[in-house]
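File shown: coords-v7.txt. Contents: compact mmCIF, C-alpha atoms.
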```
# COMPACT_ATOMS: atom_id res chain seq x y z
CA MET A 263 -17.23 4.39 31.94
CA THR A 264 -17.55 7.17 29.36
CA LEU A 265 -20.81 7.03 27.44
CA ILE A 266 -20.99 8.41 23.90
CA ASP A 267 -23.85 8.19 21.39
CA GLY A 268 -27.01 6.33 22.44
CA GLY A 269 -25.50 5.40 25.80
CA LEU A 270 -22.72 3.36 24.17
CA SER A 271 -19.28 3.20 25.77
CA LEU A 272 -16.25 4.69 24.04
CA PHE A 273 -14.82 1.18 23.62
CA THR A 274 -18.00 -0.05 21.91
CA CYS A 275 -18.04 2.95 19.56
CA LEU A 276 -14.39 2.40 18.62
CA LEU A 277 -15.09 -1.29 18.04
CA LEU A 278 -18.03 -0.47 15.75
CA ILE A 279 -15.88 2.04 13.86
CA SER A 280 -13.22 -0.63 13.26
CA VAL A 281 -15.95 -3.01 12.05
CA ALA A 282 -17.10 -0.30 9.62
CA PHE A 283 -13.59 -0.06 8.13
CA THR A 284 -13.57 -3.81 7.45
CA ALA A 285 -17.09 -3.65 5.99
CA GLY A 286 -16.12 -0.77 3.69
CA PHE A 287 -13.14 -2.74 2.41
CA VAL A 288 -15.16 -5.91 1.75
CA SER A 289 -18.15 -4.06 0.29
CA ALA A 290 -16.01 -2.15 -2.22
CA ILE A 291 -14.85 -5.51 -3.62
CA ALA A 292 -17.92 -7.72 -3.39
CA GLY A 293 -20.78 -5.91 -1.67
CA GLY A 294 -22.35 -7.32 1.49
CA GLY A 295 -20.78 -4.90 3.97
CA GLY A 296 -24.12 -4.52 5.72
CA ILE A 297 -24.03 -8.16 6.78
CA ILE A 298 -20.95 -7.23 8.84
CA THR A 299 -22.06 -3.91 10.32
CA LEU A 300 -25.75 -4.53 11.01
CA PRO A 301 -25.25 -7.55 13.32
CA ALA A 302 -22.51 -5.59 15.11
CA LEU A 303 -24.86 -2.66 15.69
CA LEU A 304 -27.57 -4.98 17.01
CA TRP A 305 -24.99 -6.78 19.20
CA ALA A 306 -24.16 -3.40 20.76
CA GLY A 307 -27.76 -3.17 21.97
CA ILE A 308 -28.95 -0.52 19.53
CA PRO A 309 -32.71 -0.75 18.82
CA PRO A 310 -33.39 -2.37 15.43
CA LEU A 311 -34.77 0.68 13.61
CA ASP A 312 -31.93 2.88 14.91
CA ALA A 313 -29.46 0.17 13.88
CA LEU A 314 -30.94 0.06 10.37
CA GLY A 315 -30.82 3.84 10.02
CA THR A 316 -27.26 4.11 11.35
CA ASN A 317 -26.18 1.23 9.11
CA LYS A 318 -27.65 2.86 5.99
CA PHE A 319 -26.01 6.20 6.86
CA GLN A 320 -22.50 4.83 7.24
CA SER A 321 -22.77 2.47 4.27
CA VAL A 322 -23.66 5.39 2.00
CA PHE A 323 -20.28 6.99 2.64
CA GLY A 324 -18.39 3.77 1.99
CA THR A 325 -20.14 3.38 -1.35
CA LEU A 326 -19.56 7.07 -2.12
CA SER A 327 -15.83 6.59 -1.55
CA SER A 328 -15.53 3.66 -3.97
CA THR A 329 -17.79 5.43 -6.52
CA ILE A 330 -15.53 8.50 -6.52
CA ASN A 331 -12.40 6.36 -6.79
CA PHE A 332 -13.71 4.30 -9.72
CA PHE A 333 -14.90 7.47 -11.49
CA GLN A 334 -11.65 9.38 -10.99
CA LYS A 335 -9.59 6.48 -12.34
CA GLY A 336 -11.70 6.04 -15.48
CA HIS A 337 -13.49 2.77 -14.64
CA LEU A 338 -16.98 4.26 -14.32
CA ASP A 339 -19.14 5.94 -16.98
CA LEU A 340 -22.17 7.59 -15.40
CA ARG A 341 -23.87 8.76 -18.62
CA PRO A 342 -25.68 5.51 -19.53
CA LEU A 343 -26.58 4.94 -15.87
CA TRP A 344 -28.79 7.98 -15.24
CA PRO A 345 -32.11 6.27 -16.15
CA GLY A 346 -31.11 3.30 -13.97
CA LEU A 347 -30.25 5.61 -11.07
CA LEU A 348 -33.68 7.24 -11.27
CA ALA A 349 -35.34 3.81 -11.48
CA ALA A 350 -33.31 2.66 -8.45
CA ILE A 351 -34.51 5.67 -6.42
CA VAL A 352 -38.15 4.90 -7.25
CA GLY A 353 -37.60 1.22 -6.49
CA ALA A 354 -35.91 2.02 -3.17
CA VAL A 355 -38.78 4.29 -2.09
CA LEU A 356 -41.33 1.61 -2.91
CA GLY A 357 -39.24 -1.10 -1.26
CA THR A 358 -38.63 0.85 1.93
CA TRP A 359 -42.31 1.72 2.16
CA SER A 360 -43.32 -1.88 1.48
CA VAL A 361 -41.10 -3.34 4.19
CA THR A 362 -42.82 -1.08 6.72
CA GLN A 363 -46.19 -2.46 5.61
CA LEU A 364 -45.48 -6.14 5.00
CA GLY A 365 -43.58 -8.98 6.59
CA GLY A 366 -40.50 -10.43 4.92
CA GLU A 367 -41.00 -14.10 5.84
CA GLN A 368 -41.16 -15.44 2.29
CA LEU A 369 -38.16 -13.38 1.25
CA ASP A 370 -36.23 -14.72 4.25
CA THR A 371 -36.71 -18.22 2.82
CA LEU A 372 -36.03 -17.47 -0.84
CA LEU A 373 -33.09 -15.07 -0.52
CA PRO A 374 -30.44 -17.59 0.67
CA LEU A 375 -31.25 -19.82 -2.31
CA LEU A 376 -30.89 -16.83 -4.65
CA LEU A 377 -27.51 -15.92 -3.16
CA ILE A 378 -26.24 -19.50 -3.46
CA ALA A 379 -27.28 -19.47 -7.12
CA ILE A 380 -25.38 -16.18 -7.62
CA ALA A 381 -22.25 -17.66 -6.03
CA LEU A 382 -22.46 -20.70 -8.33
CA TYR A 383 -22.89 -18.44 -11.37
CA PHE A 384 -19.79 -16.44 -10.43
CA LEU A 385 -17.89 -19.68 -9.88
CA PHE A 386 -18.74 -21.40 -13.17
CA SER A 387 -19.79 -18.76 -15.74
CA PRO A 388 -17.21 -17.90 -18.44
CA ARG A 389 -18.76 -14.41 -18.62
CA ILE A 390 -17.24 -13.53 -15.22
CA SER A 391 -13.76 -12.51 -16.31
CA ASP A 392 -11.58 -9.49 -17.12
CA ILE A 393 -12.92 -9.46 -20.71
CA ASP A 394 -16.21 -7.90 -21.84
CA SER A 395 -18.75 -10.20 -23.51
CA LYS A 396 -21.77 -9.63 -25.75
CA PRO A 397 -24.74 -7.92 -24.02
CA ARG A 398 -28.00 -9.85 -23.83
CA ILE A 399 -30.38 -6.90 -23.38
CA SER A 400 -30.37 -3.18 -24.19
CA ASN A 401 -29.25 -0.50 -21.75
CA SER A 402 -32.82 0.83 -21.62
CA LEU A 403 -34.28 -2.50 -20.49
CA PHE A 404 -31.43 -3.01 -18.05
CA ASN A 405 -31.93 0.41 -16.44
CA LEU A 406 -35.66 -0.17 -16.06
CA PHE A 407 -35.72 -3.71 -14.75
CA ALA A 408 -32.34 -4.11 -13.02
CA GLY A 409 -32.21 -0.55 -11.68
CA GLY A 410 -35.80 -0.47 -10.50
CA GLY A 411 -36.08 -4.11 -9.45
CA ILE A 412 -32.86 -4.36 -7.49
CA GLY A 413 -33.50 -0.88 -6.09
CA PHE A 414 -36.79 -2.19 -4.73
CA TYR A 415 -35.02 -5.17 -3.19
CA GLY A 416 -32.37 -2.88 -1.66
CA GLY A 417 -35.02 -0.73 -0.03
CA PHE A 418 -37.08 -3.71 1.08
CA PHE A 419 -34.31 -5.92 2.46
CA GLY A 420 -30.81 -5.37 1.11
CA PRO A 421 -28.25 -8.12 1.93
CA GLY A 422 -26.17 -9.06 -1.11
CA MET A 423 -27.47 -6.15 -3.20
CA GLY A 424 -24.01 -5.30 -4.55
CA SER A 425 -23.43 -8.88 -5.65
CA ILE A 426 -26.83 -9.01 -7.36
CA TYR A 427 -26.10 -5.77 -9.24
CA ALA A 428 -22.66 -7.08 -10.28
CA LEU A 429 -24.27 -10.29 -11.54
CA ALA A 430 -26.79 -8.26 -13.56
CA PHE A 431 -24.09 -6.14 -15.22
CA SER A 432 -22.00 -9.21 -16.10
CA ALA A 433 -24.80 -11.56 -17.17
CA LEU A 434 -27.06 -9.06 -18.95
CA LEU A 435 -24.78 -6.32 -20.28
CA GLY A 436 -21.62 -8.41 -20.67
CA TYR A 437 -19.43 -6.16 -18.52
CA ASN A 438 -16.09 -7.58 -17.37
CA ILE A 439 -15.94 -8.12 -13.62
CA ARG A 440 -13.89 -5.00 -12.84
CA ARG A 441 -16.22 -2.81 -14.89
CA ALA A 442 -19.32 -4.51 -13.44
CA THR A 443 -18.11 -3.97 -9.87
CA ALA A 444 -17.41 -0.29 -10.56
CA HIS A 445 -20.83 0.29 -12.12
CA THR A 446 -22.72 -1.29 -9.22
CA LYS A 447 -21.54 1.44 -6.86
CA PRO A 448 -23.68 4.41 -8.04
CA LEU A 449 -26.80 2.22 -8.07
CA VAL A 450 -26.10 0.91 -4.56
CA LEU A 451 -25.32 4.47 -3.48
CA VAL A 452 -28.63 6.00 -4.57
CA THR A 453 -30.60 3.00 -3.26
CA ASN A 454 -29.04 3.20 0.20
CA ALA A 455 -29.15 7.01 0.27
CA THR A 456 -32.88 6.95 -0.45
CA SER A 457 -33.53 4.46 2.36
CA MET A 458 -31.21 6.45 4.66
CA LEU A 459 -33.23 9.63 4.18
CA ILE A 460 -36.46 7.80 5.02
CA PHE A 461 -34.94 6.39 8.22
CA MET A 462 -33.52 9.80 9.13
CA ALA A 463 -36.92 11.42 8.63
CA GLY A 464 -38.25 8.97 11.20
CA GLY A 465 -35.49 9.87 13.68
CA HIS A 466 -33.85 6.42 13.51
CA LEU A 467 -30.16 7.40 13.63
CA LEU A 468 -27.30 7.62 16.16
CA LEU A 469 -25.64 10.60 14.49
CA TRP A 470 -22.19 10.75 16.10
CA LEU A 471 -21.67 7.01 15.87
CA ALA A 472 -22.83 7.11 12.25
CA ILE A 473 -20.33 9.88 11.45
CA GLY A 474 -17.44 7.92 12.99
CA MET A 475 -18.41 4.74 11.17
CA SER A 476 -18.84 6.70 7.93
CA ALA A 477 -15.24 7.96 8.08
CA ALA A 478 -14.00 4.40 8.60
CA GLN A 479 -16.20 3.08 5.79
CA PHE A 480 -14.86 5.78 3.46
CA ALA A 481 -11.25 4.77 4.17
CA GLY A 482 -11.89 1.03 3.92
CA ALA A 483 -13.80 1.41 0.66
CA ARG A 484 -10.99 3.47 -0.85
CA LEU A 485 -8.52 0.69 -0.10
CA GLY A 486 -10.86 -2.04 -1.37
CA SER A 487 -11.69 -0.23 -4.63
CA ASN A 488 -7.97 0.30 -5.33
CA LEU A 489 -7.48 -3.47 -5.07
CA VAL A 490 -10.38 -4.05 -7.48
CA ILE A 491 -8.73 -1.74 -10.01
CA SER A 492 -5.31 -3.36 -9.68
CA ARG A 493 -6.27 -7.05 -9.44
CA GLY A 494 -9.58 -7.50 -11.29
CA ALA A 495 -11.23 -10.92 -11.53
CA ARG A 496 -8.43 -12.70 -9.62
CA LEU A 497 -9.55 -10.84 -6.48
CA ILE A 498 -13.23 -10.09 -7.13
CA LYS A 499 -14.52 -13.56 -8.09
CA PRO A 500 -13.40 -15.41 -4.95
CA VAL A 501 -14.43 -12.56 -2.64
CA ILE A 502 -17.91 -12.29 -4.17
CA ILE A 503 -18.36 -16.08 -4.02
CA LEU A 504 -17.27 -16.17 -0.38
CA ALA A 505 -19.31 -13.11 0.61
CA THR A 506 -22.54 -14.33 -1.00
CA LEU A 507 -22.19 -17.79 0.55
CA VAL A 508 -21.54 -16.29 4.00
CA VAL A 509 -24.61 -14.05 3.69
CA ALA A 510 -26.70 -17.01 2.48
CA LEU A 511 -25.53 -19.20 5.37
CA LYS A 512 -26.29 -16.51 7.92
CA LEU A 513 -29.78 -16.01 6.52
CA LEU A 514 -30.44 -19.76 6.41
CA LEU A 515 -29.46 -20.05 10.08
CA GLU A 516 -31.91 -17.27 10.94
CA VAL A 517 -34.87 -18.82 9.11
```
This entry written out as structure tokens:
Amino acid sequence: MTLIDGGLSLFTCLLLISVAFTAGFVSAIAGGGGIITLPALLWAGIPPLDALGTNKFQSVFGTLSSTINFFQKGHLDLRPLWPGLLAAIVGAVLGTWSVTQLGGEQLDTLLPLLLIAIALYFLFSPRISDIDSKPRISNSLFNLFAGGGIGFYGGFFGPGMGSIYALAFSALLGYNIRRATAHTKPLVLVTNATSMLIFMAGGHLLLWLAIGMSAAQFAGARLGSNLVISRGARLIKPVIILATLVVALKLLLEV
């Protein structure tokens, strides 16, 4: 049997690459792609830290694909986001460092409840629609607390980060769901890229597998982001609700 990266067979690598395409598609719409790829990497027998590093690497390129697509088609304005991007980088550094120093037992218990609450909000809130609503806080406060706080969470743990960012944009800034989904992507991108660099510096990466999965993520995310642009809340709401509930259920079963 032909062995490729990390002693994996060609069949296993191709299977993981196909999983990455699906994750890129889902993540572009609702976030949560990591809950698909990370268990697959661990199932393949990759050591946990290498699996985390490889997962962060390939997810960065999926998010980059959807970010570029939203920007090119006029659904993403980066100018008001720069302070939030910087805050997310700082938060991600602190979160990634913290998770190497502390256990995540309490977070394991609380996170599923948070995700269920997010799903219920998306299901019942009138603010989750194709129409903008009145913002509840200023851009400055949003960039500081949402950018930095969710960036910390993304570096510390990560599942459901895209859904949490989308909720913040809709609930706090009043963005319609298409606009909120588009604007989560740069924040998720810098958060994951920061964590990726830290994992790479520690040598926790299967490079060739990560490159193959990155190409698949890029293609899947392009397709998913095109559907977000064309279908809006009709597509995004049910996918986010389903994705957050699936992530919550998986985490509850692991507690």
Residues of region 457-480 of chain A within 12 Å of region 416-438 of chain A: nearest atom pair and distance (Å, one decimal) for each, counting only C-alpha atoms, sorted by chain and number, as CSV?
```
residue,atom,partner,partner_atom,distance
A:Ser457,CA,A:Gly417,CA,5.9
A:Met458,CA,A:Gly417,CA,9.4
A:Leu459,CA,A:Gly417,CA,11.3
A:Ile460,CA,A:Gly417,CA,10.0
A:Phe461,CA,A:Gly417,CA,10.9
```
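Minimum atom-to-atom distances from A:Thr453, A:Ser402, A:Phe333, A:Thr274 to Gly357 (chain A) were compared using all atoms listed in the file, and the lowest value belongs to A:Thr453.
Atom to atom, CA of Ala306 (chain A) and CA of Phe273 (chain A) stand 10.8 Å apart.
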Select from region 418-481 of chain A every residue with an atom at most 7 Å from any atom of region 337-345 of chain A, then for each give the shortest pair of atoms and their distance in Å to one decimal, using only C-alpha atoms, rows by chain and rising number, as a Markdown table.
```
| residue | atom | partner | partner_atom | distance |
| --- | --- | --- | --- | --- |
| A:Arg441 | CA | A:His337 | CA | 6.2 |
| A:Ala444 | CA | A:Leu338 | CA | 5.9 |
| A:His445 | CA | A:Leu338 | CA | 6.0 |
```
Quiz prompt | Local residues around (-34.7, 0.6, -16.0), at most 9 Å away, using only C-alpha atoms, as a list in words | solution = Pro345, Gly346, Leu347, Leu348, Ala349, Ala350, Asn401, Ser402, Leu403, Phe404, Asn405, Leu406, Phe407, Ala408, Gly409, Gly410 and Gly411 of chain A
